[in-house]
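In what follows, a single structure is set out as structure tokens and then discussed.
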Amino acid sequence: MEYLDFELPIKELEDQLDKCEIIGQESDVDVTTTCKQIEKKLEETKRKIYKNLTAWQRVQLSRHPNRPYTMDHINALCGDTFLELFGDRNFKDDKAMVGGLGKIDGQSFMIVGQQKGYNTKTRQYRNFGMANPEGYRKALRLMKMAEKFNIPVLTLIDTPGAYPGLEAEERGQGEAIARNIFEMVRLKTPIIAVIVGEGASGGALGIGVGDRVYMMENTWYSVISPESCSSILWKSWEYKEQAADALKLTSSDMKKQKLVDDIIPEPLGGAHYDRETTFKTVQQYIMKGYNELKDLSTTELVAQRMDKYSKMGEFNE
């Protein structure tokens with residue numbers, strides 16, 4: 001298990017508990033009382049730390065290397081029913097954007113999401129979850145296919161942003177993302193979006209329009225990352241913590257501003273501490289959202305979606 005800087009007090013107590021248990025196993029000394037005391041203090045420390053997380057600490061948790069990625073969720077939710085589909089039928093297949101058909105609790109879904117990779121090799125293969133235009137065009141192709149066969153769409157968002165390279169711009173990155181947003185608003189099938197990690201910039205918005213948009217508790221959703229915001233405003237990354245607070249990017253901030261529909265709770269310590277519980281909770285929210293939408297006519301569905309996004313933000317005429 002890897003620990004973030006603010007989790008070091010937890011690491012120290014867990015190390016103490018391990019040593020205490022080893023002493024009990026290797027000697028005749030009764031350490032039961034001591035172990036229970038450490039366990040109690042460990043539980044109290046965890047609750048204290050995770051109850052008072054700052055915006056920047058939640059950003060760090062969303063990037064935790066042990067956190068479940070999109071393919072982890074897909075494999076847990078769909079098992080062996082997931083059939084991956086490839087290519088945008090125009091340029092090539094984008095490995096940062098995965099998609100395909102799968103069944104969740106017996107219901108078929110077209111699932112689309114960004115995949116980051118687990119180590120250096122796979123992260124390079126997946127381009128760190130940063131999709132090129134062909135990735136967004138693949139996503140749109142699959143969503144249009146779902147619309148044709150009346151299959152609900154599920155998007156799993158986890159990206160530091162769309163790929164900003166020269167070749168991506170040459171192939172129309174901005175147009176591809178804008179096209180996706182335009183088409184998703186009027187897609188004639190239910191769309192459920194879940195932010196499972198980072199939800200950064202247009203890279204997230206390109207698959208983020210939904211009838212139900214859920215954020216996991218320790219994720220973030222913003223037009224810009226705290227580091228980039230800091231570098232623009234203060235000409236340095238040193239102010240990323242202040243930027244994270246100012247951006248109001250946490251799940252509670254997003255819910256308060258009515259930009260997401262609900263928050264998916266995570267186990268104490270984050271999704272990586274108890275993956276099985278995390279996957280079950282995510283599935284419950286997905287099916288809850290689908291059951292709320294499945295009986296709506298296509299006209300009602302699209303009208304409600306357009307109305308939802310038209311009401312976002314505050315303005316004076």
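Ordering of the structure tokens sets the chain letters (A, B, ...), residue numbers begin anew at 1 in every chain, and ligands are numbered from 1 in the order given.
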
Residues at most 8 Å from Ser62 in chain A, counting only C-alpha atoms, excluding those fewer than 3 positions away in the same chain, as a PDB file with N, CA, C and O atoms, in the first residue's frame?
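Result went into result33.pdb, see below:
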```pdb
ATOM      1  N   ARG A  58      -8.150  15.754  -1.570  1.00  0.00           N
ATOM      2  CA  ARG A  58      -9.081  14.938  -2.371  1.00  0.00           C
ATOM      3  C   ARG A  58      -8.556  14.766  -3.801  1.00  0.00           C
ATOM      4  O   ARG A  58      -8.725  13.709  -4.401  1.00  0.00           O
ATOM      5  N   VAL A  59      -7.924  15.804  -4.330  1.00  0.00           N
ATOM      6  CA  VAL A  59      -7.289  15.677  -5.646  1.00  0.00           C
ATOM      7  C   VAL A  59      -6.214  14.590  -5.599  1.00  0.00           C
ATOM      8  O   VAL A  59      -6.109  13.749  -6.499  1.00  0.00           O
ATOM      9  N   ARG A  67      -5.876   3.362  -6.697  1.00  0.00           N
ATOM     10  CA  ARG A  67      -7.310   3.601  -6.914  1.00  0.00           C
ATOM     11  C   ARG A  67      -7.808   2.818  -8.129  1.00  0.00           C
ATOM     12  O   ARG A  67      -7.111   2.701  -9.133  1.00  0.00           O
ATOM     13  N   VAL A 196     -15.046   8.716 -11.817  1.00  0.00           N
ATOM     14  CA  VAL A 196     -14.422   7.713 -10.944  1.00  0.00           C
ATOM     15  C   VAL A 196     -13.017   8.130 -10.500  1.00  0.00           C
ATOM     16  O   VAL A 196     -12.431   7.492  -9.635  1.00  0.00           O
ATOM     17  N   GLY A 197     -12.474   9.188 -11.104  1.00  0.00           N
ATOM     18  CA  GLY A 197     -11.137   9.664 -10.751  1.00  0.00           C
ATOM     19  C   GLY A 197     -11.044  11.153 -10.984  1.00  0.00           C
ATOM     20  O   GLY A 197     -11.742  11.942 -10.352  1.00  0.00           O
ATOM     21  N   GLU A 198     -10.210  11.538 -11.930  1.00  0.00           N
ATOM     22  CA  GLU A 198     -10.076  12.953 -12.271  1.00  0.00           C
ATOM     23  C   GLU A 198     -11.074  13.341 -13.363  1.00  0.00           C
ATOM     24  O   GLU A 198     -11.264  12.602 -14.326  1.00  0.00           O
ATOM     25  N   ASN A 218     -14.250  11.028  -3.451  1.00  0.00           N
ATOM     26  CA  ASN A 218     -12.895  11.587  -3.499  1.00  0.00           C
ATOM     27  C   ASN A 218     -12.426  11.805  -4.934  1.00  0.00           C
ATOM     28  O   ASN A 218     -11.351  11.363  -5.338  1.00  0.00           O
ATOM     29  N   THR A 219     -13.246  12.485  -5.709  1.00  0.00           N
ATOM     30  CA  THR A 219     -12.877  12.831  -7.079  1.00  0.00           C
ATOM     31  C   THR A 219     -13.020  14.344  -7.239  1.00  0.00           C
ATOM     32  O   THR A 219     -13.491  15.033  -6.339  1.00  0.00           O
ATOM     33  N   TRP A 220     -12.607  14.842  -8.403  1.00  0.00           N
ATOM     34  CA  TRP A 220     -12.744  16.281  -8.668  1.00  0.00           C
ATOM     35  C   TRP A 220     -13.164  16.514 -10.107  1.00  0.00           C
ATOM     36  O   TRP A 220     -12.947  15.685 -10.973  1.00  0.00           O
TER      37      TRP A 220
END
```

**OP:** Mind checking which residues fall within 9 Å of range 157-170 of chain A, counting only C-alpha atoms, ignoring those fewer than 2 positions away in the same chain, and posting them as a ChimeraX atom specification?
**Re:** /A:62,69-70,112-116,127-134,155,172-174,177,193-208,224-225

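Between CA of Val209 in chain A and CA of Glu175 in chain A the interatomic distance comes to 15.9 Å.
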
Closest atom pairs, residues of range 42-81 of chain A within 12 Å of range 11-34 of chain A, only C-alpha atoms, as JSON lines:
```
{"residue": "A:Leu42", "atom": "CA", "partner": "A:Leu13", "partner_atom": "CA", "distance": 6.0}
{"residue": "A:Glu43", "atom": "CA", "partner": "A:Leu13", "partner_atom": "CA", "distance": 9.7}
{"residue": "A:Glu44", "atom": "CA", "partner": "A:Leu13", "partner_atom": "CA", "distance": 10.9}
{"residue": "A:Thr45", "atom": "CA", "partner": "A:Leu13", "partner_atom": "CA", "distance": 8.9}
{"residue": "A:Lys46", "atom": "CA", "partner": "A:Leu13", "partner_atom": "CA", "distance": 10.1}
```

Within 6 Å of range 136-147 of chain A using only C-alpha atoms, minus same-chain residues under 6 positions, as a compact mmCIF listing (two decimals) with all heavy atoms, in the first residue's frame:
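Below you can see out.txt, which holds the result:
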```
# COMPACT_ATOMS: atom_id res chain seq x y z
N GLY A 87 -11.91 1.58 -32.56
CA GLY A 87 -11.79 2.42 -33.74
C GLY A 87 -12.87 3.47 -33.90
O GLY A 87 -13.99 3.33 -33.44
N ASP A 88 -12.47 4.57 -34.58
CA ASP A 88 -13.42 5.65 -34.86
C ASP A 88 -13.90 5.62 -36.30
O ASP A 88 -14.64 6.51 -36.72
CB ASP A 88 -12.80 7.01 -34.54
CG ASP A 88 -11.67 7.39 -35.51
OD1 ASP A 88 -11.10 6.48 -36.14
OD2 ASP A 88 -11.37 8.59 -35.61
N LYS A 188 -30.90 10.11 -28.00
CA LYS A 188 -32.22 9.56 -27.64
C LYS A 188 -32.11 8.23 -26.90
O LYS A 188 -32.77 7.25 -27.26
CB LYS A 188 -33.06 9.41 -28.91
CG LYS A 188 -33.37 10.74 -29.57
CD LYS A 188 -34.12 10.56 -30.87
CE LYS A 188 -34.37 11.91 -31.56
NZ LYS A 188 -35.04 11.75 -32.87
N THR A 189 -31.29 8.21 -25.88
CA THR A 189 -31.19 7.05 -25.00
C THR A 189 -30.64 7.54 -23.66
O THR A 189 -29.93 8.55 -23.62
CB THR A 189 -30.29 5.95 -25.61
OG1 THR A 189 -30.44 4.74 -24.89
CG2 THR A 189 -28.83 6.36 -25.61
```

**OP:** Report the residues of range 96-301 of chain A whose backbone DSSP state falls under strand (DSSP E or B), written as a PyMOL selection string.
**Re:** chain A and resi 97-104+107-114+153-159+191-200+212-216+220-222+250+262-264
